[in-house]
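Enquirer: One file is attached below, work_28.csv, containing CSV, C-alpha atoms.
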chain,number,residue,atom,x,y,z
A,185,MET,CA,0.0,0.0,0.0
A,186,CYS,CA,1.2,3.5,-0.8
A,187,ASP,CA,1.0,6.2,1.8
A,188,SER,CA,1.4,9.3,-0.3
A,189,CYS,CA,-1.2,9.3,-3.2
A,190,GLY,CA,-4.4,8.5,-1.2
A,191,CYS,CA,-4.8,5.0,-2.6
A,192,ASN,CA,-5.2,3.9,1.0
A,193,LEU,CA,-8.6,5.5,0.7
A,194,THR,CA,-11.1,2.8,-0.2
A,195,GLN,CA,-14.8,2.6,-0.5
A,196,GLY,CA,-14.8,1.1,2.9
A,197,ASN,CA,-13.1,3.9,4.7
A,198,ARG,CA,-13.6,7.0,2.6
A,199,HIS,CA,-16.8,8.0,4.5
A,200,LEU,CA,-14.8,8.4,7.7
A,201,LEU,CA,-12.9,11.4,6.2
A,202,GLN,CA,-15.7,13.2,4.5
A,203,PRO,CA,-17.1,16.4,6.1
A,204,GLY,CA,-19.2,15.2,9.1
A,205,GLY,CA,-17.4,11.9,9.1
A,206,ARG,CA,-16.0,10.6,12.4
A,207,LEU,CA,-12.6,11.9,11.8
A,208,GLU,CA,-13.8,15.4,11.4
A,209,LYS,CA,-15.1,15.8,14.9
A,210,THR,CA,-12.8,17.1,17.6
A,211,GLU,CA,-13.2,18.4,21.0
A,212,GLN,CA,-12.2,22.0,21.8
A,213,GLY,CA,-8.5,22.7,22.1
A,214,ARG,CA,-7.5,19.6,20.2
A,215,GLU,CA,-6.2,19.5,16.7
A,216,ALA,CA,-7.2,16.7,14.4
A,217,VAL,CA,-4.5,15.5,12.1
A,218,SER,CA,-5.3,13.1,9.3
A,219,VAL,CA,-2.5,10.6,8.8
A,220,LEU,CA,-3.7,7.7,6.6
A,221,LYS,CA,-0.6,5.6,6.9
A,222,ASN,CA,-0.3,1.9,7.2
A,223,LEU,CA,0.5,1.0,10.8
A,224,LEU,CA,3.4,-0.9,9.6
A,225,HIS,CA,4.7,2.0,7.5
A,226,GLU,CA,8.2,1.8,9.0
A,227,ASN,CA,8.5,-1.9,8.4
A,228,ASP,CA,7.1,-1.5,4.8
A,229,HIS,CA,9.6,1.3,4.1
A,230,GLU,CA,12.5,-1.0,5.3
A,231,ALA,CA,11.1,-3.8,3.2
A,232,ALA,CA,11.0,-1.7,0.1
A,233,HIS,CA,14.7,-0.8,0.8
A,234,ASN,CA,15.5,-4.5,1.1
A,235,ARG,CA,13.7,-5.2,-2.2
A,236,GLU,CA,15.7,-2.5,-3.9
A,237,HIS,CA,18.9,-3.9,-2.5
A,238,LEU,CA,18.0,-7.4,-3.7
A,239,ASP,CA,17.0,-6.1,-7.1
A,240,ARG,CA,20.3,-4.2,-7.5
A,241,HIS,CA,22.1,-7.6,-7.0
A,242,GLY,CA,19.7,-9.4,-9.4
A,243,VAL,CA,18.5,-11.7,-6.6
A,244,LEU,CA,15.1,-13.3,-6.4
A,245,ALA,CA,13.9,-13.6,-2.8
A,246,VAL,CA,11.4,-16.2,-1.8
A,247,ASN,CA,9.7,-16.1,1.7
A,248,LEU,CA,8.8,-19.5,2.9
A,249,MET,CA,6.1,-19.7,5.5
A,250,SER,CA,4.2,-22.5,7.2
A,251,SER,CA,3.3,-24.0,10.6
A,252,PRO,CA,6.3,-25.3,12.5
A,253,GLY,CA,7.2,-28.7,11.2
A,254,ALA,CA,5.5,-28.5,7.8
A,255,GLY,CA,8.9,-29.3,6.2
A,256,LYS,CA,10.3,-26.0,5.1
A,257,THR,CA,14.0,-26.8,5.9
A,258,ARG,CA,13.7,-30.3,4.4
A,259,LEU,CA,12.2,-28.8,1.2
A,260,LEU,CA,15.1,-26.3,1.1
A,261,GLU,CA,17.7,-29.1,1.5
A,262,ALA,CA,16.1,-31.0,-1.4
A,263,THR,CA,15.9,-27.8,-3.5
A,264,ILE,CA,19.6,-27.0,-2.9
A,265,ASP,CA,20.6,-30.6,-3.8
A,266,ALA,CA,18.5,-30.4,-7.0
A,267,LEU,CA,19.4,-26.9,-8.1
A,268,GLY,CA,22.8,-26.4,-6.5
A,269,GLY,CA,24.6,-27.0,-9.8
A,270,GLU,CA,22.3,-24.8,-11.8
A,271,LEU,CA,21.7,-21.8,-9.5
A,272,ARG,CA,23.5,-20.0,-6.8
A,273,ILE,CA,21.4,-20.1,-3.6
A,274,ALA,CA,21.7,-18.5,-0.2
A,275,VAL,CA,19.4,-18.9,2.8
A,276,ILE,CA,18.2,-16.7,5.7
A,277,GLU,CA,16.8,-18.8,8.5
A,278,GLY,CA,14.4,-17.5,11.1
A,279,ASP,CA,13.7,-19.3,14.4
A,280,LEU,CA,13.1,-18.3,18.0
A,281,GLU,CA,16.2,-20.1,19.1
A,282,THR,CA,19.1,-22.3,17.8
A,283,GLU,CA,21.3,-22.4,14.7
A,284,ASN,CA,20.1,-25.9,13.9
A,285,ASP,CA,18.4,-25.0,10.6
A,286,ALA,CA,21.3,-22.8,9.3
A,287,ARG,CA,23.7,-25.6,10.2
A,288,ARG,CA,21.6,-28.1,8.2
A,289,ILE,CA,21.7,-25.8,5.2
A,290,ARG,CA,25.4,-25.1,5.5
A,291,ASP,CA,26.0,-28.9,5.4
A,292,HIS,CA,24.8,-28.7,1.8
A,293,GLY,CA,27.6,-26.2,1.0
A,294,ILE,CA,25.3,-23.2,0.9
A,295,GLU,CA,25.8,-19.9,2.8
A,296,ALA,CA,23.1,-19.5,5.5
A,297,VAL,CA,22.5,-16.7,8.0
A,298,GLN,CA,20.5,-17.6,11.1
A,299,ILE,CA,18.2,-15.0,12.7
A,300,THR,CA,17.2,-15.9,16.2
A,301,THR,CA,14.2,-13.8,17.1
A,302,GLY,CA,14.1,-14.6,20.9
A,303,SER,CA,10.4,-14.5,21.7
A,304,ALA,CA,9.3,-12.7,18.5
A,305,CYS,CA,6.9,-14.9,16.5
A,306,HIS,CA,7.8,-13.5,13.0
A,307,LEU,CA,10.6,-12.0,11.0
A,308,ASP,CA,10.4,-8.3,10.2
A,309,ALA,CA,12.1,-6.2,7.5
A,310,HIS,CA,14.7,-4.9,10.0
A,311,MET,CA,15.8,-8.3,11.0
A,312,VAL,CA,16.1,-9.3,7.3
A,313,HIS,CA,18.0,-6.1,6.6
A,314,GLN,CA,20.6,-7.0,9.2
A,315,ALA,CA,20.9,-10.5,7.8
A,316,LEU,CA,21.3,-9.2,4.2
A,317,HIS,CA,24.4,-7.3,5.4
A,318,ARG,CA,25.9,-10.5,6.5
A,319,LEU,CA,25.5,-12.1,3.1
A,320,ASP,CA,27.5,-11.5,-0.1
A,321,LEU,CA,24.7,-11.2,-2.6
A,322,ASP,CA,26.9,-10.7,-5.7
A,323,PRO,CA,27.2,-14.4,-6.4
A,324,VAL,CA,23.6,-15.2,-5.5
A,325,ASP,CA,20.6,-15.9,-7.9
A,326,LEU,CA,18.0,-17.1,-5.4
A,327,LEU,CA,17.6,-16.2,-1.8
A,328,PHE,CA,15.3,-18.2,0.4
A,329,ILE,CA,14.0,-16.6,3.6
A,330,GLU,CA,12.7,-19.3,5.9
A,331,ASN,CA,10.3,-17.5,8.2
A,332,VAL,CA,9.5,-18.5,11.8
A,333,GLY,CA,7.1,-21.4,11.8
A,334,ASN,CA,3.7,-19.7,12.4
A,335,LEU,CA,0.6,-19.3,10.2
A,336,VAL,CA,-0.5,-16.1,11.8
A,337,CYS,CA,2.1,-13.3,12.4
A,338,PRO,CA,4.5,-13.6,9.5
A,339,ALA,CA,1.7,-12.8,7.1
A,340,SER,CA,1.5,-9.2,8.3
A,341,PHE,CA,5.2,-8.3,7.8
A,342,ASP,CA,6.6,-7.5,4.4
A,343,LEU,CA,10.3,-8.5,4.4
A,344,GLY,CA,11.2,-7.3,0.9
A,345,GLN,CA,10.7,-10.7,-0.7
A,346,HIS,CA,9.5,-11.1,-4.3
A,347,ARG,CA,7.4,-14.1,-3.7
A,348,ASN,CA,5.6,-15.8,-0.8
A,349,VAL,CA,5.4,-19.6,-0.7
A,350,VAL,CA,3.2,-21.2,1.9
A,351,LEU,CA,3.5,-24.9,2.8
A,352,LEU,CA,0.6,-26.9,4.2
A,353,SER,CA,1.6,-30.3,5.3
A,354,VAL,CA,-0.8,-33.3,5.1
A,355,PRO,CA,-0.9,-33.9,8.9
A,356,GLU,CA,-2.2,-30.4,9.5
A,357,GLY,CA,-5.5,-31.0,7.8
A,358,ASP,CA,-6.9,-29.7,4.5
A,359,ASP,CA,-8.9,-26.8,6.0
A,360,LYS,CA,-5.9,-24.7,7.1
A,361,PRO,CA,-6.5,-22.1,4.3
A,362,ALA,CA,-10.0,-21.5,5.7
A,363,LYS,CA,-8.7,-21.3,9.3
A,364,TYR,CA,-5.7,-19.0,8.4
A,365,PRO,CA,-7.0,-16.9,5.5
A,366,VAL,CA,-4.6,-14.0,5.9
A,367,MET,CA,-1.6,-16.2,5.5
A,368,PHE,CA,-3.0,-18.2,2.6
A,369,ARG,CA,-4.2,-15.1,0.8
A,370,ALA,CA,-0.6,-13.8,0.9
A,371,ALA,CA,0.7,-16.9,-1.0
A,372,ASP,CA,1.9,-16.8,-4.5
A,373,LEU,CA,2.3,-20.5,-4.4
A,374,VAL,CA,0.9,-23.1,-2.0
A,375,LEU,CA,2.7,-26.4,-1.6
A,376,LEU,CA,0.9,-29.3,-0.1
A,377,SER,CA,3.8,-31.0,1.6
A,378,LYS,CA,4.4,-34.5,3.0
A,379,THR,CA,1.9,-36.0,0.4
A,380,ASP,CA,3.5,-39.4,1.0
A,381,LEU,CA,1.4,-39.4,4.1
A,382,LEU,CA,-1.8,-39.2,2.1
A,383,ALA,CA,-1.8,-43.0,2.1
A,384,VAL,CA,-2.2,-43.1,5.9
A,385,LEU,CA,-3.9,-39.8,6.6
A,386,ASP,CA,-6.8,-40.3,4.1
A,387,ASP,CA,-9.0,-37.6,5.6
A,388,PHE,CA,-6.8,-35.0,3.9
A,389,ARG,CA,-8.2,-34.3,0.4
A,390,PRO,CA,-5.9,-32.2,-1.8
A,391,ALA,CA,-8.9,-31.1,-3.8
A,392,ARG,CA,-10.6,-29.8,-0.7
A,393,ALA,CA,-7.4,-27.8,0.2
A,394,ARG,CA,-7.5,-26.3,-3.3
A,395,GLN,CA,-11.1,-25.3,-2.9
A,396,HIS,CA,-10.3,-23.6,0.4
A,397,VAL,CA,-7.5,-21.6,-1.3
A,398,ARG,CA,-9.9,-20.6,-4.2
A,399,ALA,CA,-12.5,-19.5,-1.7
A,400,LEU,CA,-10.0,-16.9,-0.6
A,401,ALA,CA,-10.1,-15.5,-4.2
A,402,SER,CA,-6.5,-16.7,-4.6
A,403,SER,CA,-5.3,-17.9,-8.0
A,404,ALA,CA,-2.0,-19.2,-6.5
A,405,PRO,CA,-1.0,-22.5,-8.0
A,406,VAL,CA,-1.3,-25.4,-5.4
A,407,LEU,CA,1.2,-28.1,-5.9
A,408,ASP,CA,1.5,-31.5,-4.2
A,409,VAL,CA,5.0,-32.3,-3.1
A,410,SER,CA,6.8,-35.0,-1.1
A,411,VAL,CA,10.5,-34.6,-0.4
A,412,LYS,CA,10.5,-38.2,0.8
A,413,THR,CA,9.4,-39.7,-2.5
A,414,GLY,CA,10.4,-36.9,-4.7
A,415,GLY,CA,6.9,-36.6,-6.0
A,416,GLY,CA,6.0,-33.1,-7.3
A,417,ILE,CA,9.5,-31.7,-6.7
A,418,ASP,CA,10.0,-31.2,-10.4
A,419,ALA,CA,6.9,-29.0,-10.6
A,420,TRP,CA,8.2,-26.9,-7.6
A,421,LEU,CA,11.6,-26.5,-9.3
A,422,ASP,CA,9.9,-25.5,-12.6
A,423,TRP,CA,7.9,-22.9,-10.7
A,424,LEU,CA,11.1,-21.5,-9.2
A,425,ARG,CA,12.8,-21.4,-12.6
A,426,GLY,CA,9.8,-19.7,-14.1
A,427,GLN,CA,9.9,-17.0,-11.4
A,428,LEU,CA,13.6,-16.4,-12.0
A,429,ASP,CA,13.1,-16.3,-15.8
A,430,ALA,CA,10.3,-13.8,-15.4
A,431,ARG,CA,12.4,-11.6,-13.2
A,432,GLN,CA,15.3,-11.7,-15.5
A,433,ARG,CA,13.1,-10.8,-18.5
A,434,SER,CA,11.6,-7.9,-16.6
A,435,ARG,CA,15.1,-6.6,-15.6
A,436,ARG,CA,16.2,-6.7,-19.2
A,437,THR,CA,13.1,-4.8,-20.4
A,438,GLY,CA,13.4,-2.4,-17.5
B,297,MET,CA,0.8,-12.3,19.3
B,298,HIS,CA,2.3,-9.7,17.0
B,299,GLU,CA,-0.2,-7.0,18.1
B,300,LEU,CA,2.4,-5.7,20.6
B,301,SER,CA,4.9,-5.2,17.7
B,302,ILE,CA,2.3,-3.5,15.7
B,303,CYS,CA,1.4,-1.2,18.7
B,304,GLN,CA,5.1,-0.4,19.1
B,305,ALA,CA,5.3,0.6,15.4
B,306,LEU,CA,2.2,2.7,15.9
B,307,VAL,CA,3.8,4.5,18.9
B,308,GLY,CA,6.9,5.1,16.8
B,309,GLN,CA,4.8,6.8,14.2
B,310,LEU,CA,3.0,8.9,16.8
B,311,LYS,CA,6.2,10.1,18.4
B,312,ALA,CA,7.4,11.3,15.0
B,313,LEU,CA,4.1,13.0,14.3
B,314,ALA,CA,4.2,14.7,17.7
B,315,ARG,CA,7.7,16.0,17.0
B,316,GLU,CA,6.7,17.2,13.6
B,317,ARG,CA,3.5,19.0,14.8
B,318,ARG,CA,5.1,20.2,18.1
B,319,ALA,CA,2.5,18.4,20.1
B,320,SER,CA,2.8,18.1,23.9
B,321,ARG,CA,0.3,15.3,24.1
B,322,ILE,CA,-1.7,12.9,21.8
B,323,CYS,CA,-5.2,12.5,23.1
B,324,LEU,CA,-6.9,10.3,20.7
B,325,VAL,CA,-5.8,7.8,18.0
B,326,ARG,CA,-8.2,6.5,15.4
B,327,LEU,CA,-7.3,3.3,13.5
B,328,GLY,CA,-9.1,1.6,10.6
B,329,ILE,CA,-8.8,-2.2,10.7
B,330,GLY,CA,-10.2,-4.7,8.2
B,331,PRO,CA,-11.0,-8.3,9.1
B,332,LEU,CA,-8.2,-9.5,6.7
B,333,SER,CA,-5.5,-7.2,8.2
B,334,GLY,CA,-4.2,-10.1,10.3
B,335,VAL,CA,-4.6,-8.1,13.4
B,336,GLU,CA,-7.0,-8.8,16.3
B,337,PRO,CA,-8.6,-5.5,17.4
B,338,GLN,CA,-9.1,-6.8,21.0
B,339,LEU,CA,-5.4,-7.8,21.3
B,340,LEU,CA,-4.4,-4.4,19.9
B,341,GLU,CA,-6.5,-2.7,22.6
B,342,GLN,CA,-4.8,-4.8,25.3
B,343,ALA,CA,-1.4,-4.0,23.9
B,344,TRP,CA,-2.0,-0.3,23.6
B,345,PRO,CA,-1.5,0.8,27.2
B,346,VAL,CA,1.7,-1.2,27.4
B,347,ALA,CA,3.2,0.1,24.2
B,348,SER,CA,2.2,3.7,24.8
B,349,ALA,CA,3.3,3.9,28.5
B,350,GLY,CA,5.8,6.7,29.1
B,351,THR,CA,5.4,8.2,25.6
B,352,VAL,CA,3.6,11.3,24.3
B,353,ALA,CA,0.6,9.0,23.6
B,354,GLU,CA,0.3,7.6,27.1
B,355,GLY,CA,-3.3,7.7,28.2
B,356,ALA,CA,-4.6,8.5,24.7
B,357,GLY,CA,-7.9,7.0,23.7
B,358,LEU,CA,-7.7,4.3,21.0
B,359,VAL,CA,-10.7,4.2,18.6
B,360,LEU,CA,-10.8,1.1,16.4
B,361,GLU,CA,-13.0,1.4,13.4
B,362,ARG,CA,-13.7,-2.0,12.0
B,363,LEU,CA,-13.9,-1.7,8.3
B,364,PRO,CA,-16.2,-3.9,6.2
B,365,LEU,CA,-15.1,-6.8,4.0
B,366,ARG,CA,-16.2,-6.2,0.4
B,367,VAL,CA,-15.3,-7.7,-2.9
B,368,HIS,CA,-15.8,-6.8,-6.5
B,369,CYS,CA,-16.5,-9.4,-9.1
B,370,PRO,CA,-15.1,-8.7,-12.6
B,371,SER,CA,-17.3,-11.5,-14.1
B,372,CYS,CA,-20.7,-10.0,-13.1
B,373,GLY,CA,-19.5,-6.5,-12.3
B,374,ARG,CA,-21.1,-6.4,-8.9
B,375,ASP,CA,-19.8,-5.8,-5.4
B,376,SER,CA,-20.8,-8.0,-2.4
B,377,ASP,CA,-20.1,-8.6,1.3
B,378,ALA,CA,-17.7,-11.4,2.1
B,379,SER,CA,-16.4,-13.3,5.0
B,380,THR,CA,-12.7,-13.8,5.8
B,381,ASN,CA,-12.5,-17.3,4.3
B,382,ARG,CA,-15.3,-16.9,1.7
B,383,LEU,CA,-14.4,-14.2,-0.7
B,384,SER,CA,-16.3,-15.6,-3.7
B,385,CYS,CA,-18.9,-13.4,-5.4
B,386,ARG,CA,-22.3,-13.7,-3.5
B,387,HIS,CA,-24.2,-13.0,-6.8
B,388,CYS,CA,-22.7,-15.2,-9.4
B,389,GLY,CA,-20.4,-17.5,-7.3
B,390,ASP,CA,-17.2,-16.7,-9.2
B,391,TRP,CA,-14.1,-17.1,-6.9
B,392,ARG,CA,-12.0,-14.7,-8.9
B,393,THR,CA,-13.0,-11.5,-7.0
B,394,ARG,CA,-10.9,-8.5,-6.1
B,395,LEU,CA,-10.9,-7.1,-2.6
B,396,VAL,CA,-12.5,-3.7,-2.4
B,397,SER,CA,-12.0,-3.2,1.3
B,398,GLY,CA,-11.1,-5.3,4.3
B,399,ASP,CA,-7.3,-5.7,4.6
B,400,GLU,CA,-6.6,-2.2,6.0
B,401,LEU,CA,-4.3,-1.6,8.9
B,402,LEU,CA,-4.5,2.1,8.9
B,403,LEU,CA,-3.6,5.0,11.2
B,404,ASP,CA,-6.5,7.2,10.1
B,405,SER,CA,-6.0,10.3,12.3
B,406,VAL,CA,-5.0,11.6,15.7
B,407,GLU,CA,-6.1,14.3,17.9
B,408,LEU,CA,-3.3,16.2,19.7
B,409,ILE,CA,-2.6,19.2,21.8
B,410,ARG,CA,0.1,21.6,20.6
B,411,GLU,CA,2.9,22.8,22.9
B,412,ALA,CA,2.2,26.2,24.4
B,413,VAL,CA,4.2,28.8,22.5
Since I need it in another form, could you write the structure as C-alpha cells?
Expert:
Amino acid sequence: MCDSCGCNLTQGNRHLLQPGGRLEKTEQGREAVSVLKNLLHENDHEAAHNREHLDRHGVLAVNLMSSPGAGKTRLLEATIDALGGELRIAVIEGDLETENDARRIRDHGIEAVQITTGSACHLDAHMVHQALHRLDLDPVDLLFIENVGNLVCPASFDLGQHRNVVLLSVPEGDDKPAKYPVMFRAADLVLLSKTDLLAVLDDFRPARARQHVRALASSAPVLDVSVKTGGGIDAWLDWLRGQLDARQRSRRTG
Amino acid sequence: MHELSICQALVGQLKALARERRASRICLVRLGIGPLSGVEPQLLEQAWPVASAGTVAEGAGLVLERLPLRVHCPSCGRDSDASTNRLSCRHCGDWRTRLVSGDELLLDSVELIREAV
C-alpha cells in the first residue's frame, strides 16, 4: 500500500474522512490530524529498501512460510541438492532459538544466516535487513528466507521478498486455508507437503485444500510435493525457474 | 501475538508525528482495521496501554473502526459482502474476485494538543 497518493482510501473507509465523518469531529483545544498511513509504515519502508537492495544484485527472494514442522527446511535441502549445480542459492533462517536449521543448510555447501528472534513470532524487515548485510549477494541468484514457523504473524510483515510460498503439510488438515485466510491469501504458491502421508492420513483431500484456497479469491497454484518420495518436486523446481526467468526478463526490459 | 509489535510501530509513528507537529500530548488515536488485516482488534486494545506507556501518547484513547469486508466481481461486475474465508462473489459465485476493502491496517488520524508557544 502506498502512503502518499491517497490510494489507502477505499470505498470502505472514505466516508470516515468526508465532512461530518467521524474523523472530522474534535473536542475544543484539540487539533485533528489526518495521517492515513499503514500502521506498519516503517516496516514497509525498510522492506522496500531490502527489495531494492536485492534487485540491484539481481537476486530473487522467496519467503517460505508455514506452521512449525511442515517441512520448510527439508524442502530447502532437497531444493539445494537439485538446483545447486544450476543456480547460486543462499538462505536466511528465522527461528526463535538455535542455529540448527542454518547448520543443516550449510551442510549442503550453501551460505546461510540464522536470525534468532528470541520471543518474536515472526521475521520483520529490519531483521532481514541486518541478515542481508551478513550475506555476499553478488554471487547469488536465489535467496530463500525461511520465516518463523507460524501461520499467523509472519503474514503481516513484508520483508522485501518477491514471492511468498506457503507450505501446508498433510498432517495439519486440508482446512488450514479456511482457518488462516490472511496467511494463505498472501501466498503466490501453495505447496501441499508430505503428500507421501496421504496413504495413511486419508482424511486429507488435496482437492478440498485447493477449494479452500480458491474460496480466498486466490489464483495461486497449489502443488502436491513429497520430499521423501520426490513426488511433485520437479513442478516446484519448474515454478522457481519460471519466477527467475520472469524476473530476469523484466530486468532486461526495465 | 504480533499485536504488541504493531502497537510499538504505531507508537513510533505517533512520536514522529508529535515532534513534527510540536504536540505536547496525543489525546486520541483512530485506526481503521479490516478483518483481513491479520490483526485482532481486541489484542491491539490490550497491547496499547503497554506500548504507549511513558510516551507522548500515554493515556490517549484508541478508537478502532472495524472496516467492512467487500469484494468486486469482474465477471458480473457487482460488489458483495464477504467473510474472511469466503471471498467468492455472492451474486454469481465466481471465486476470482478482487478485494475492495477489508485488509486495511490504517492509522487514520490523531487528535493532539500543541505545545504552548
Enquirer: Rank nothing, just name the residue among A:Val312, A:Leu407, A:Ala370, A:Val275 nearest to chain B, using all atoms listed in the file.
Expert: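 Looking at the shortest contact to chain B, the residue is A:Ala370.
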Enquirer: List every residue of chain B that has an atom at most 7 Å from any atom of chain A, and for each one report the closest atom pair and its distance in Å to one decimal, counting all atoms listed in the file, with rows sorted by chain and then by increasing residue number, as CSV.
Expert:
residue,atom,partner,partner_atom,distance
B:His298,CA,A:Cys337,CA,5.8
B:Ile302,CA,A:Leu224,CA,6.7
B:Ala305,CA,A:Leu224,CA,6.3
B:Leu306,CA,A:Leu223,CA,5.6
B:Leu332,CA,A:Val366,CA,5.8
B:Gly334,CA,A:Val366,CA,5.9
B:Leu363,CA,A:Gly196,CA,6.1
B:Pro364,CA,A:Gly196,CA,6.2
B:Thr380,CA,A:Pro365,CA,6.5
B:Asn381,CA,A:Ala362,CA,5.1
B:Arg382,CA,A:Ala399,CA,5.1
B:Leu383,CA,A:Leu400,CA,5.2
B:Ser384,CA,A:Ala399,CA,5.8
B:Trp391,CA,A:Ala401,CA,5.1
B:Arg392,CA,A:Ala401,CA,5.1
B:Thr393,CA,A:Ala401,CA,5.7
B:Val396,CA,A:Gln195,CA,7.0
B:Ser397,CA,A:Gly196,CA,5.4
B:Leu401,CA,A:Asn222,CA,5.6
B:Leu402,CA,A:Asn222,CA,4.5
B:Leu403,CA,A:Lys221,CA,5.3
B:Asp404,CA,A:Leu220,CA,4.5
B:Ser405,CA,A:Ser218,CA,4.2
B:Val406,CA,A:Val217,CA,5.3
B:Glu407,CA,A:Ala216,CA,4.4
B:Leu408,CA,A:Glu215,CA,5.3
B:Ile409,CA,A:Arg214,CA,5.2
Enquirer: Using atom CA of A:Asn331 and atom CA of B:Arg394 as the two end points, give the distance in Å to one decimal.
Expert: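 One can read the atom CA of A:Asn331 to atom CA of B:Arg394 distance as 27.1 Å.
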Enquirer: Mind pulling up the distance from atom CA of A:Leu421 to atom CA of A:Arg389?
Expert: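 Computing the Euclidean distance for atom CA of A:Arg389 and atom CA of A:Leu421 yields 23.4 Å.
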Enquirer: If we draw a sphere of 10 Å around (1.5, 7.4, 24.4), which residues have at least one atom in it when counting only C-alpha atoms? Please report them as a PDB file with C-alpha atoms, keeping the file's coordinate frame.
Expert:
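In the end it all went to point_23.pdb:
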ATOM      1  CA  LEU B 306       2.200   2.700  15.900  1.00  0.00           C
ATOM      2  CA  VAL B 307       3.800   4.500  18.900  1.00  0.00           C
ATOM      3  CA  GLY B 308       6.900   5.100  16.800  1.00  0.00           C
ATOM      4  CA  LEU B 310       3.000   8.900  16.800  1.00  0.00           C
ATOM      5  CA  LYS B 311       6.200  10.100  18.400  1.00  0.00           C
ATOM      6  CA  ARG B 321       0.300  15.300  24.100  1.00  0.00           C
ATOM      7  CA  ILE B 322      -1.700  12.900  21.800  1.00  0.00           C
ATOM      8  CA  CYS B 323      -5.200  12.500  23.100  1.00  0.00           C
ATOM      9  CA  LEU B 324      -6.900  10.300  20.700  1.00  0.00           C
ATOM     10  CA  VAL B 325      -5.800   7.800  18.000  1.00  0.00           C
ATOM     11  CA  TRP B 344      -2.000  -0.300  23.600  1.00  0.00           C
ATOM     12  CA  PRO B 345      -1.500   0.800  27.200  1.00  0.00           C
ATOM     13  CA  VAL B 346       1.700  -1.200  27.400  1.00  0.00           C
ATOM     14  CA  ALA B 347       3.200   0.100  24.200  1.00  0.00           C
ATOM     15  CA  SER B 348       2.200   3.700  24.800  1.00  0.00           C
ATOM     16  CA  ALA B 349       3.300   3.900  28.500  1.00  0.00           C
ATOM     17  CA  GLY B 350       5.800   6.700  29.100  1.00  0.00           C
ATOM     18  CA  THR B 351       5.400   8.200  25.600  1.00  0.00           C
ATOM     19  CA  VAL B 352       3.600  11.300  24.300  1.00  0.00           C
ATOM     20  CA  ALA B 353       0.600   9.000  23.600  1.00  0.00           C
ATOM     21  CA  GLU B 354       0.300   7.600  27.100  1.00  0.00           C
ATOM     22  CA  GLY B 355      -3.300   7.700  28.200  1.00  0.00           C
ATOM     23  CA  ALA B 356      -4.600   8.500  24.700  1.00  0.00           C
ATOM     24  CA  GLY B 357      -7.900   7.000  23.700  1.00  0.00           C
TER      25      GLY B 357
END
Enquirer: So how far away is atom CA of A:Ile264 from atom CA of A:His233, in Å?
Expert: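 Between atom CA of A:His233 and atom CA of A:Ile264 the gap works out to 26.9 Å.
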Enquirer: I'd like the contact shell of A:Asn284 - 10 Å cut-off, all atoms listed in the file, skipping same-chain residues fewer than 6 positions apart - returned as number ranges by chain.
Expert: A: 277, 290, 298
Enquirer: Go ahead and dump the residues you just picked, C-alpha atoms, as a tab-separated table (two decimals), keeping the file's coordinate frame.
Expert:
chain	number	residue	atom	x	y	z
A	277	GLU	CA	16.80	-18.80	8.50
A	290	ARG	CA	25.40	-25.10	5.50
A	298	GLN	CA	20.50	-17.60	11.10
Enquirer: When distances are computed from all atoms listed in the file, which of A:Ala309, A:Ala262, A:Gly333, A:Ile294 shows the smallest separation from A:Thr413?
Expert: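 Result for the nearest residue to A:Thr413: A:Ala262.
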Enquirer: Using only C-alpha atoms, which of A:Leu375, A:Leu385, A:Leu319, A:Leu424 sits nearest A:Ala404?
Expert: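 Comparing A:Leu375, A:Leu385, A:Leu319, A:Leu424 against A:Ala404, the winner is A:Leu375.
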Enquirer: Using all atoms listed in the file, pick whichever of B:Gln338, B:Ser333, B:Ser301, B:Ser379 has the shortest atom-to-atom distance to B:Leu360.
Expert: B:Gln338
Enquirer: Which of these, A:Gly242, A:Gly414, A:Ala296, A:Thr301, has the shortest distance to A:Arg433 once you count all atoms listed in the file?
Expert: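 The shortest atom-to-atom distance to A:Arg433 comes from A:Gly242.
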Enquirer: Residues within 10 Å of B:Glu411, please, as a PDB file with C-alpha atoms, keeping the file's coordinate frame. Count all atoms listed in the file; anything in the same chain fewer than 6 positions from it doesn't count.
Expert:
ATOM      1  CA  ALA B 314       4.200  14.700  17.700  1.00  0.00           C
ATOM      2  CA  ARG B 317       3.500  19.000  14.800  1.00  0.00           C
ATOM      3  CA  ARG B 318       5.100  20.200  18.100  1.00  0.00           C
ATOM      4  CA  ALA B 319       2.500  18.400  20.100  1.00  0.00           C
ATOM      5  CA  SER B 320       2.800  18.100  23.900  1.00  0.00           C
ATOM      6  CA  ARG B 321       0.300  15.300  24.100  1.00  0.00           C
TER       7      ARG B 321
END
Enquirer: Please provide the set of residues having any atom within 9 Å of stretch 354-357 of chain A, restricted to only C-alpha atoms, with same-chain residues fewer than 4 positions apart removed, written as an mmCIF file with C-alpha atoms, in the coordinates of the input.
Expert:
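Resulting contents of part-v7.cif:
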data_model
loop_
_atom_site.group_PDB
_atom_site.id
_atom_site.type_symbol
_atom_site.label_atom_id
_atom_site.label_comp_id
_atom_site.auth_asym_id
_atom_site.auth_seq_id
_atom_site.Cartn_x
_atom_site.Cartn_y
_atom_site.Cartn_z
ATOM 1 C CA SER A 251 3.300 -24.000 10.600
ATOM 2 C CA ALA A 254 5.500 -28.500 7.800
ATOM 3 C CA LEU A 376 0.900 -29.300 -0.100
ATOM 4 C CA SER A 377 3.800 -31.000 1.600
ATOM 5 C CA LYS A 378 4.400 -34.500 3.000
ATOM 6 C CA THR A 379 1.900 -36.000 0.400
ATOM 7 C CA ASP A 380 3.500 -39.400 1.000
ATOM 8 C CA LEU A 381 1.400 -39.400 4.100
ATOM 9 C CA LEU A 382 -1.800 -39.200 2.100
ATOM 10 C CA LEU A 385 -3.900 -39.800 6.600
ATOM 11 C CA ASP A 387 -9.000 -37.600 5.600
ATOM 12 C CA PHE A 388 -6.800 -35.000 3.900
ATOM 13 C CA ARG A 389 -8.200 -34.300 0.400
ATOM 14 C CA PRO A 390 -5.900 -32.200 -1.800
ATOM 15 C CA ALA A 393 -7.400 -27.800 0.200
#
Enquirer: Of the candidates A:Leu280, A:Leu343, A:Ile289, A:Leu267, which one gets nearest to A:Ile329 if we count all atoms listed in the file?
Expert: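 Using all atoms listed in the file, A:Ile329 sits closest to A:Leu343.
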